[in-house]
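Novice: Take a look at final-v1.tsv, TSV, N, CA and C atoms:
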chain	number	residue	atom	x	y	z
R	1	GLN	N	18.69	-2.56	-15.30
R	1	GLN	CA	18.97	-3.31	-14.10
R	1	GLN	C	18.37	-2.57	-12.90
R	2	VAL	N	17.53	-3.29	-12.15
R	2	VAL	CA	16.92	-2.70	-10.96
R	2	VAL	C	17.94	-2.64	-9.84
R	3	GLN	N	17.99	-1.51	-9.19
R	3	GLN	CA	18.88	-1.35	-8.04
R	3	GLN	C	18.12	-0.76	-6.87
R	4	LEU	N	18.45	-1.23	-5.68
R	4	LEU	CA	17.86	-0.72	-4.46
R	4	LEU	C	18.98	-0.27	-3.53
R	5	VAL	N	18.79	0.89	-2.93
R	5	VAL	CA	19.78	1.42	-2.01
R	5	VAL	C	19.09	1.82	-0.72
R	6	GLU	N	19.46	1.16	0.38
R	6	GLU	CA	18.89	1.50	1.68
R	6	GLU	C	19.75	2.53	2.39
R	7	SER	N	19.12	3.30	3.25
R	7	SER	CA	19.85	4.25	4.08
R	7	SER	C	19.03	4.52	5.33
R	8	GLY	N	19.67	5.15	6.30
R	8	GLY	CA	18.95	5.57	7.50
R	8	GLY	C	19.22	4.75	8.75
R	9	GLY	N	19.99	3.69	8.61
R	9	GLY	CA	20.28	2.89	9.79
R	9	GLY	C	21.21	3.61	10.75
R	10	GLY	N	21.39	3.02	11.92
R	10	GLY	CA	22.28	3.62	12.91
R	10	GLY	C	22.06	3.06	14.28
R	11	LEU	N	22.64	3.73	15.24
R	11	LEU	CA	22.51	3.34	16.65
R	11	LEU	C	21.47	4.23	17.33
R	12	VAL	N	20.55	3.61	18.03
R	12	VAL	CA	19.49	4.36	18.70
R	12	VAL	C	19.21	3.70	20.04
R	13	GLN	N	18.78	4.50	21.00
R	13	GLN	CA	18.46	3.95	22.31
R	13	GLN	C	17.08	3.29	22.29
R	14	PRO	N	16.85	2.37	23.17
R	14	PRO	CA	15.51	1.78	23.27
R	14	PRO	C	14.45	2.86	23.46
R	15	GLY	N	13.35	2.70	22.76
R	15	GLY	CA	12.29	3.70	22.78
R	15	GLY	C	12.44	4.77	21.73
R	16	GLY	N	13.58	4.80	21.07
R	16	GLY	CA	13.82	5.82	20.06
R	16	GLY	C	13.24	5.47	18.71
R	17	SER	N	13.54	6.31	17.72
R	17	SER	CA	12.99	6.16	16.37
R	17	SER	C	14.08	6.27	15.32
R	18	LEU	N	13.83	5.63	14.20
R	18	LEU	CA	14.65	5.76	13.01
R	18	LEU	C	13.74	5.68	11.80
R	19	ARG	N	14.17	6.29	10.72
R	19	ARG	CA	13.44	6.16	9.45
R	19	ARG	C	14.40	5.64	8.40
R	20	LEU	N	14.08	4.47	7.89
R	20	LEU	CA	14.87	3.88	6.82
R	20	LEU	C	14.29	4.28	5.47
R	21	SER	N	15.15	4.41	4.50
R	21	SER	CA	14.73	4.71	3.13
R	21	SER	C	15.25	3.63	2.20
R	22	CYS	N	14.46	3.38	1.16
R	22	CYS	CA	14.85	2.43	0.11
R	22	CYS	C	14.59	3.12	-1.22
R	23	ALA	N	15.66	3.51	-1.90
R	23	ALA	CA	15.53	4.18	-3.18
R	23	ALA	C	15.72	3.17	-4.30
R	24	ALA	N	14.73	3.10	-5.18
R	24	ALA	CA	14.77	2.13	-6.27
R	24	ALA	C	15.00	2.81	-7.60
R	25	SER	N	15.68	2.12	-8.48
R	25	SER	CA	15.90	2.65	-9.82
R	25	SER	C	15.94	1.49	-10.81
R	26	GLY	N	15.70	1.84	-12.08
R	26	GLY	CA	15.79	0.82	-13.12
R	26	GLY	C	14.51	0.06	-13.37
R	27	PHE	N	13.38	0.50	-12.75
R	27	PHE	CA	12.11	-0.19	-12.99
R	27	PHE	C	11.63	0.01	-14.42
R	28	THR	N	11.03	-1.03	-14.96
R	28	THR	CA	10.40	-0.93	-16.27
R	28	THR	C	8.89	-0.86	-16.13
R	29	SER	N	8.39	-0.88	-14.93
R	29	SER	CA	6.96	-0.84	-14.68
R	29	SER	C	6.68	0.07	-13.50
R	30	ASP	N	5.47	0.63	-13.48
R	30	ASP	CA	5.04	1.41	-12.32
R	30	ASP	C	4.34	0.55	-11.28
R	31	TYR	N	4.20	-0.75	-11.58
R	31	TYR	CA	3.49	-1.65	-10.68
R	31	TYR	C	4.48	-2.63	-10.08
R	32	TYR	N	4.72	-2.46	-8.80
R	32	TYR	CA	5.71	-3.27	-8.10
R	32	TYR	C	5.39	-3.25	-6.62
R	33	SER	N	6.02	-4.07	-5.88
R	33	SER	CA	5.93	-4.02	-4.43
R	33	SER	C	7.34	-3.98	-3.85
R	34	ILE	N	7.45	-3.37	-2.72
R	34	ILE	CA	8.72	-3.32	-2.00
R	34	ILE	C	8.51	-3.82	-0.59
R	35	GLY	N	9.34	-4.73	-0.21
R	35	GLY	CA	9.28	-5.28	1.13
R	35	GLY	C	10.52	-4.94	1.94
R	36	TRP	N	10.34	-4.90	3.23
R	36	TRP	CA	11.46	-4.76	4.16
R	36	TRP	C	11.64	-6.07	4.91
R	37	PHE	N	12.87	-6.49	5.00
R	37	PHE	CA	13.23	-7.68	5.76
R	37	PHE	C	14.34	-7.31	6.74
R	38	ARG	N	14.55	-8.17	7.71
R	38	ARG	CA	15.67	-7.95	8.62
R	38	ARG	C	16.28	-9.29	9.01
R	39	GLN	N	17.54	-9.22	9.35
R	39	GLN	CA	18.24	-10.41	9.80
R	39	GLN	C	19.14	-10.04	10.97
R	40	ALA	N	18.83	-10.62	12.10
R	40	ALA	CA	19.65	-10.41	13.30
R	40	ALA	C	20.75	-11.45	13.34
R	41	PRO	N	21.84	-11.16	14.03
R	41	PRO	CA	22.94	-12.12	14.12
R	41	PRO	C	22.47	-13.46	14.64
R	42	GLY	N	22.80	-14.51	13.91
R	42	GLY	CA	22.45	-15.86	14.34
R	42	GLY	C	21.01	-16.24	14.13
R	43	LYS	N	20.24	-15.37	13.48
R	43	LYS	CA	18.82	-15.66	13.27
R	43	LYS	C	18.49	-15.67	11.79
R	44	GLU	N	17.35	-16.27	11.47
R	44	GLU	CA	16.91	-16.28	10.09
R	44	GLU	C	16.34	-14.93	9.69
R	45	ARG	N	16.38	-14.68	8.41
R	45	ARG	CA	15.79	-13.46	7.87
R	45	ARG	C	14.28	-13.50	8.07
R	46	GLU	N	13.70	-12.37	8.42
R	46	GLU	CA	12.26	-12.32	8.59
R	46	GLU	C	11.68	-11.10	7.88
R	47	GLY	N	10.47	-11.26	7.40
R	47	GLY	CA	9.77	-10.16	6.76
R	47	GLY	C	9.28	-9.17	7.81
R	48	VAL	N	9.41	-7.90	7.49
R	48	VAL	CA	8.99	-6.84	8.40
R	48	VAL	C	7.74	-6.15	7.89
R	49	SER	N	7.74	-5.79	6.60
R	49	SER	CA	6.61	-5.06	6.05
R	49	SER	C	6.69	-5.08	4.53
R	50	CYS	N	5.57	-4.74	3.90
R	50	CYS	CA	5.52	-4.69	2.43
R	50	CYS	C	4.49	-3.65	2.00
R	51	ILE	N	4.74	-3.02	0.86
R	51	ILE	CA	3.80	-2.04	0.32
R	51	ILE	C	3.69	-2.21	-1.18
R	52	ASN	N	2.45	-2.02	-1.70
R	52	ASN	CA	2.20	-2.07	-3.14
R	52	ASN	C	2.25	-0.68	-3.73
R	53	SER	N	2.90	-0.53	-4.88
R	53	SER	CA	2.93	0.77	-5.54
R	53	SER	C	1.57	1.12	-6.12
R	54	SER	N	0.78	0.10	-6.49
R	54	SER	CA	-0.47	0.35	-7.20
R	54	SER	C	-1.57	0.88	-6.30
R	55	ASP	N	-1.74	0.28	-5.13
R	55	ASP	CA	-2.85	0.68	-4.28
R	55	ASP	C	-2.42	1.09	-2.87
R	56	GLY	N	-1.12	1.05	-2.60
R	56	GLY	CA	-0.63	1.47	-1.29
R	56	GLY	C	-0.93	0.50	-0.17
R	57	ARG	N	-1.43	-0.69	-0.52
R	57	ARG	CA	-1.77	-1.65	0.53
R	57	ARG	C	-0.50	-2.05	1.25
R	58	THR	N	-0.63	-2.25	2.56
R	58	THR	CA	0.53	-2.55	3.38
R	58	THR	C	0.31	-3.79	4.23
R	59	TYR	N	1.39	-4.42	4.61
R	59	TYR	CA	1.38	-5.59	5.47
R	59	TYR	C	2.52	-5.44	6.48
R	60	TYR	N	2.30	-6.00	7.66
R	60	TYR	CA	3.30	-5.91	8.72
R	60	TYR	C	3.44	-7.24	9.45
R	61	ALA	N	4.63	-7.48	9.92
R	61	ALA	CA	4.82	-8.59	10.84
R	61	ALA	C	4.19	-8.24	12.18
R	62	ASP	N	3.69	-9.24	12.88
R	62	ASP	CA	3.06	-8.98	14.17
R	62	ASP	C	4.01	-8.29	15.14
R	63	SER	N	5.28	-8.60	15.03
R	63	SER	CA	6.26	-8.06	15.98
R	63	SER	C	6.48	-6.56	15.83
R	64	VAL	N	6.03	-5.98	14.72
R	64	VAL	CA	6.26	-4.55	14.50
R	64	VAL	C	4.97	-3.75	14.34
R	65	LYS	N	3.82	-4.43	14.32
R	65	LYS	CA	2.55	-3.72	14.15
R	65	LYS	C	2.36	-2.70	15.26
R	66	GLY	N	1.93	-1.51	14.86
R	66	GLY	CA	1.70	-0.44	15.83
R	66	GLY	C	2.95	0.36	16.14
R	67	ARG	N	4.11	-0.13	15.71
R	67	ARG	CA	5.37	0.60	15.96
R	67	ARG	C	6.03	1.05	14.66
R	68	PHE	N	5.92	0.26	13.62
R	68	PHE	CA	6.55	0.58	12.33
R	68	PHE	C	5.48	0.99	11.32
R	69	THR	N	5.84	1.92	10.45
R	69	THR	CA	4.94	2.34	9.39
R	69	THR	C	5.70	2.38	8.08
R	70	ILE	N	5.18	1.70	7.07
R	70	ILE	CA	5.78	1.73	5.74
R	70	ILE	C	5.00	2.70	4.87
R	71	SER	N	5.71	3.45	4.06
R	71	SER	CA	5.06	4.39	3.14
R	71	SER	C	5.91	4.50	1.88
R	72	GLY	N	5.29	5.06	0.84
R	72	GLY	CA	6.02	5.13	-0.42
R	72	GLY	C	5.79	6.43	-1.15
R	73	ASP	N	6.77	6.84	-1.90
R	73	ASP	CA	6.68	7.99	-2.81
R	73	ASP	C	6.87	7.43	-4.21
R	74	ASN	N	5.76	7.19	-4.91
R	74	ASN	CA	5.86	6.55	-6.22
R	74	ASN	C	6.64	7.39	-7.22
R	75	ALA	N	6.49	8.70	-7.14
R	75	ALA	CA	7.19	9.56	-8.09
R	75	ALA	C	8.70	9.40	-7.96
R	76	LYS	N	9.17	9.25	-6.74
R	76	LYS	CA	10.60	9.10	-6.51
R	76	LYS	C	11.01	7.64	-6.40
R	77	LYS	N	10.02	6.73	-6.46
R	77	LYS	CA	10.29	5.30	-6.33
R	77	LYS	C	11.12	5.05	-5.06
R	78	THR	N	10.67	5.62	-3.99
R	78	THR	CA	11.33	5.49	-2.70
R	78	THR	C	10.32	5.02	-1.67
R	79	VAL	N	10.71	4.08	-0.85
R	79	VAL	CA	9.87	3.56	0.22
R	79	VAL	C	10.56	3.83	1.54
R	80	PHE	N	9.75	4.18	2.52
R	80	PHE	CA	10.27	4.52	3.84
R	80	PHE	C	9.74	3.53	4.87
R	81	LEU	N	10.52	3.31	5.89
R	81	LEU	CA	10.08	2.51	7.03
R	81	LEU	C	10.33	3.35	8.29
R	82	GLN	N	9.26	3.90	8.81
R	82	GLN	CA	9.36	4.67	10.04
R	82	GLN	C	9.27	3.70	11.21
R	83	MET	N	10.30	3.69	12.03
R	83	MET	CA	10.37	2.75	13.14
R	83	MET	C	10.36	3.53	14.46
R	84	ASN	N	9.31	3.33	15.23
R	84	ASN	CA	9.16	4.01	16.52
R	84	ASN	C	9.19	2.98	17.64
R	85	SER	N	9.37	3.48	18.84
R	85	SER	CA	9.39	2.61	20.03
R	85	SER	C	10.30	1.42	19.83
R	86	LEU	N	11.48	1.69	19.37
R	86	LEU	CA	12.41	0.62	19.04
R	86	LEU	C	12.84	-0.15	20.28
R	87	LYS	N	13.05	-1.44	20.08
R	87	LYS	CA	13.46	-2.35	21.15
R	87	LYS	C	14.80	-2.98	20.77
R	88	PRO	N	15.52	-3.45	21.76
R	88	PRO	CA	16.77	-4.15	21.44
R	88	PRO	C	16.56	-5.33	20.49
R	89	THR	N	15.39	-5.95	20.53
R	89	THR	CA	15.10	-7.08	19.64
R	89	THR	C	14.90	-6.64	18.19
R	90	ASP	N	14.84	-5.34	17.94
R	90	ASP	CA	14.77	-4.84	16.56
R	90	ASP	C	16.15	-4.72	15.93
R	91	THR	N	17.17	-4.94	16.71
R	91	THR	CA	18.53	-4.87	16.18
R	91	THR	C	18.74	-5.90	15.09
R	92	ALA	N	19.17	-5.43	13.93
R	92	ALA	CA	19.34	-6.32	12.77
R	92	ALA	C	19.88	-5.52	11.60
R	93	VAL	N	20.26	-6.23	10.57
R	93	VAL	CA	20.49	-5.59	9.27
R	93	VAL	C	19.16	-5.60	8.53
R	94	TYR	N	18.76	-4.44	8.07
R	94	TYR	CA	17.48	-4.29	7.38
R	94	TYR	C	17.73	-4.19	5.87
R	95	TYR	N	16.98	-4.98	5.13
R	95	TYR	CA	17.09	-5.02	3.68
R	95	TYR	C	15.75	-4.66	3.05
R	96	CYS	N	15.79	-3.97	1.93
R	96	CYS	CA	14.59	-3.83	1.13
R	96	CYS	C	14.74	-4.70	-0.11
R	97	ALA	N	13.61	-5.11	-0.63
R	97	ALA	CA	13.59	-6.00	-1.79
R	97	ALA	C	12.36	-5.67	-2.62
R	98	THR	N	12.41	-6.01	-3.90
R	98	THR	CA	11.30	-5.66	-4.76
R	98	THR	C	11.01	-6.74	-5.79
R	99	THR	N	9.79	-6.73	-6.28
R	99	THR	CA	9.37	-7.61	-7.35
R	99	THR	C	8.22	-6.94	-8.09
R	100	LEU	N	8.01	-7.36	-9.35
R	100	LEU	CA	6.96	-6.76	-10.18
R	100	LEU	C	5.63	-7.47	-9.97
R	101	SER	N	5.26	-7.66	-8.74
R	101	SER	CA	3.96	-8.21	-8.38
R	101	SER	C	3.58	-7.63	-7.03
R	102	SER	N	2.30	-7.75	-6.70
R	102	SER	CA	1.82	-7.13	-5.47
R	102	SER	C	2.09	-7.99	-4.25
R	103	CYS	N	2.20	-7.31	-3.12
R	103	CYS	CA	2.22	-8.02	-1.84
R	103	CYS	C	0.88	-8.71	-1.67
R	104	THR	N	0.91	-9.89	-1.14
R	104	THR	CA	-0.34	-10.57	-0.77
R	104	THR	C	-0.23	-11.03	0.67
R	105	GLU	N	-1.38	-11.23	1.28
R	105	GLU	CA	-1.40	-11.54	2.70
R	105	GLU	C	-0.59	-12.78	3.03
R	106	ASN	N	-0.66	-13.77	2.17
R	106	ASN	CA	-0.03	-15.05	2.48
R	106	ASN	C	1.43	-15.14	2.09
R	107	ALA	N	1.89	-14.22	1.22
R	107	ALA	CA	3.23	-14.41	0.66
R	107	ALA	C	4.14	-13.22	0.77
R	108	TRP	N	3.68	-12.11	1.32
R	108	TRP	CA	4.52	-10.92	1.29
R	108	TRP	C	5.83	-11.12	2.02
R	109	GLY	N	5.83	-11.96	3.04
R	109	GLY	CA	7.01	-12.16	3.86
R	109	GLY	C	7.94	-13.26	3.37
R	110	VAL	N	7.66	-13.81	2.21
R	110	VAL	CA	8.49	-14.88	1.66
R	110	VAL	C	9.61	-14.26	0.84
R	111	GLY	N	10.81	-14.40	1.28
R	111	GLY	CA	11.93	-13.75	0.61
R	111	GLY	C	12.09	-14.18	-0.84
R	112	GLY	N	11.75	-15.42	-1.13
R	112	GLY	CA	11.94	-15.95	-2.46
R	112	GLY	C	11.08	-15.31	-3.54
R	113	ARG	N	10.04	-14.56	-3.16
R	113	ARG	CA	9.18	-13.92	-4.17
R	113	ARG	C	9.78	-12.63	-4.68
R	114	TYR	N	10.83	-12.16	-4.07
R	114	TYR	CA	11.44	-10.89	-4.46
R	114	TYR	C	12.63	-11.15	-5.38
R	115	ASP	N	12.75	-10.30	-6.39
R	115	ASP	CA	13.77	-10.52	-7.41
R	115	ASP	C	15.04	-9.71	-7.18
R	116	TYR	N	14.91	-8.60	-6.52
R	116	TYR	CA	16.06	-7.70	-6.33
R	116	TYR	C	16.14	-7.29	-4.86
R	117	TRP	N	17.36	-7.18	-4.39
R	117	TRP	CA	17.62	-6.86	-2.99
R	117	TRP	C	18.65	-5.74	-2.89
R	118	GLY	N	18.49	-4.94	-1.85
R	118	GLY	CA	19.49	-3.94	-1.54
R	118	GLY	C	20.63	-4.54	-0.73
R	119	GLN	N	21.59	-3.70	-0.39
R	119	GLN	CA	22.78	-4.18	0.31
R	119	GLN	C	22.60	-4.23	1.82
R	120	GLY	N	21.54	-3.59	2.32
R	120	GLY	CA	21.24	-3.61	3.74
R	120	GLY	C	21.76	-2.40	4.48
R	121	THR	N	21.08	-2.08	5.56
R	121	THR	CA	21.50	-1.00	6.46
R	121	THR	C	21.34	-1.51	7.89
R	122	GLU	N	22.33	-1.24	8.71
R	122	GLU	CA	22.37	-1.82	10.05
R	122	GLU	C	21.64	-0.94	11.05
R	123	VAL	N	20.81	-1.57	11.85
R	123	VAL	CA	20.10	-0.89	12.93
R	123	VAL	C	20.49	-1.54	14.25
R	124	THR	N	20.96	-0.74	15.16
R	124	THR	CA	21.33	-1.23	16.49
R	124	THR	C	20.55	-0.45	17.54
R	125	VAL	N	19.82	-1.18	18.36
R	125	VAL	CA	19.04	-0.56	19.43
R	125	VAL	C	19.68	-0.98	20.75
R	126	SER	N	20.30	-0.02	21.39
R	126	SER	CA	21.04	-0.32	22.61
R	126	SER	C	21.24	0.93	23.44
R	127	SER	N	21.26	0.72	24.74
R	127	SER	CA	21.54	1.86	25.63
R	127	SER	C	23.03	1.93	25.95
Could you spell out this file's structure in structure tokens?

Specialist:
Amino acid sequence: QVQLVESGGGLVQPGGSLRLSCAASGFTSDYYSIGWFRQAPGKEREGVSCINSSDGRTYYADSVKGRFTISGDNAKKTVFLQMNSLKPTDTAVYYCATTLSSCTENAWGVGGRYDYWGQGTEVTVSS
């Protein structure tokens, strides 16, 4: 059974930084992708970023490009989301999700392509 555990959320002031982690276990393959999503109160879930284990290719939502960086440690099956220059609009519950296929430009942000989800970690950006 694949399990994902997120950590690293918290309260941060605008302009600050946080690093989220997503630790995965139970994979039967070394080829997978992990995506980060977020859901703010009263809003729909949106894709934030995705990374492929095979080639390290990454994708980002326009709203976070240049501020967030996704990276992975394949040996530990852990993916990180470094979030800099945080804004109050980044406030949300952040989830990681995974599937045994690669991120693609047209579909990485589609929640339905992911088979397993973590429980989420809350990020609050406020002064």

Novice: Excluding Pro41 in chain R and residues on its chain fewer than 2 positions from it, collect all residues at most 8 Å away from it, counting only N, CA and C atoms, and give them as an MDAnalysis selection string.

Specialist: chainID R and resid 38:39 43:44 91:93

Novice: Would you mind telling me which residue in R:Ser101, R:Lys87, R:Gly112, R:Phe37 lies nearest to Gln13 in chain R when using all atoms listed in the file?

Specialist: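 Checking each of R:Ser101, R:Lys87, R:Gly112, R:Phe37 against Gln13 in chain R, counting all atoms listed in the file, the winner is R:Lys87.
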
Novice: Mind the document's chain letters and residue numbers, and return as a ChimeraX atom specification the residues of range 51-107 of chain R that DSSP labels strand (DSSP E).

Specialist: /R:51-52,58-60,68-73,78-83,92-99

Novice: Figure out the distance between atom N of Asn84 in chain R and atom N of Gly66 in chain R, please, to one decimal in Å.

Specialist: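 Interatomic distance, atom N of Gly66 in chain R to atom N of Asn84 in chain R: 8.8 Å.
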
Novice: Write out as a ChimeraX atom specification which residues come within 6.5 Å of Trp36 in chain R when counting only N, CA and C atoms, dropping same-chain ones fewer than 2 positions away.

Specialist: /R:34,38,46-51,94-97

Novice: Would you save the residues from that selection as a CSV table (one decimal), in the frame of the given file, using N, CA and C atoms?

Specialist:
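Output contents, as saved in part-v4.csv:
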chain,number,residue,atom,x,y,z
R,34,ILE,N,7.4,-3.4,-2.7
R,34,ILE,CA,8.7,-3.3,-2.0
R,34,ILE,C,8.5,-3.8,-0.6
R,38,ARG,N,14.6,-8.2,7.7
R,38,ARG,CA,15.7,-8.0,8.6
R,38,ARG,C,16.3,-9.3,9.0
R,46,GLU,N,13.7,-12.4,8.4
R,46,GLU,CA,12.3,-12.3,8.6
R,46,GLU,C,11.7,-11.1,7.9
R,47,GLY,N,10.5,-11.3,7.4
R,47,GLY,CA,9.8,-10.2,6.8
R,47,GLY,C,9.3,-9.2,7.8
R,48,VAL,N,9.4,-7.9,7.5
R,48,VAL,CA,9.0,-6.8,8.4
R,48,VAL,C,7.7,-6.2,7.9
R,49,SER,N,7.7,-5.8,6.6
R,49,SER,CA,6.6,-5.1,6.0
R,49,SER,C,6.7,-5.1,4.5
R,50,CYS,N,5.6,-4.7,3.9
R,50,CYS,CA,5.5,-4.7,2.4
R,50,CYS,C,4.5,-3.6,2.0
R,51,ILE,N,4.7,-3.0,0.9
R,51,ILE,CA,3.8,-2.0,0.3
R,51,ILE,C,3.7,-2.2,-1.2
R,94,TYR,N,18.8,-4.4,8.1
R,94,TYR,CA,17.5,-4.3,7.4
R,94,TYR,C,17.7,-4.2,5.9
R,95,TYR,N,17.0,-5.0,5.1
R,95,TYR,CA,17.1,-5.0,3.7
R,95,TYR,C,15.8,-4.7,3.0
R,96,CYS,N,15.8,-4.0,1.9
R,96,CYS,CA,14.6,-3.8,1.1
R,96,CYS,C,14.7,-4.7,-0.1
R,97,ALA,N,13.6,-5.1,-0.6
R,97,ALA,CA,13.6,-6.0,-1.8
R,97,ALA,C,12.4,-5.7,-2.6

Novice: What does the distance from atom C of Tyr31 in chain R to atom C of Thr78 in chain R come to in Å, to one decimal?

Specialist: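 Taking atom C of Tyr31 in chain R and atom C of Thr78 in chain R, their separation equals 12.8 Å.
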
Novice: Residues near Tyr116 in chain R, anyone? I mean within 8 Å using all atoms listed in the file, not counting same-chain ones fewer than 2 positions away, as a list of chain:residue names.

Specialist: R:Val2, R:Gln3, R:Leu4, R:Cys96, R:Ala97, R:Thr98, R:Thr99, R:Leu100, R:Arg113, R:Tyr114, R:Gly118, R:Gln119
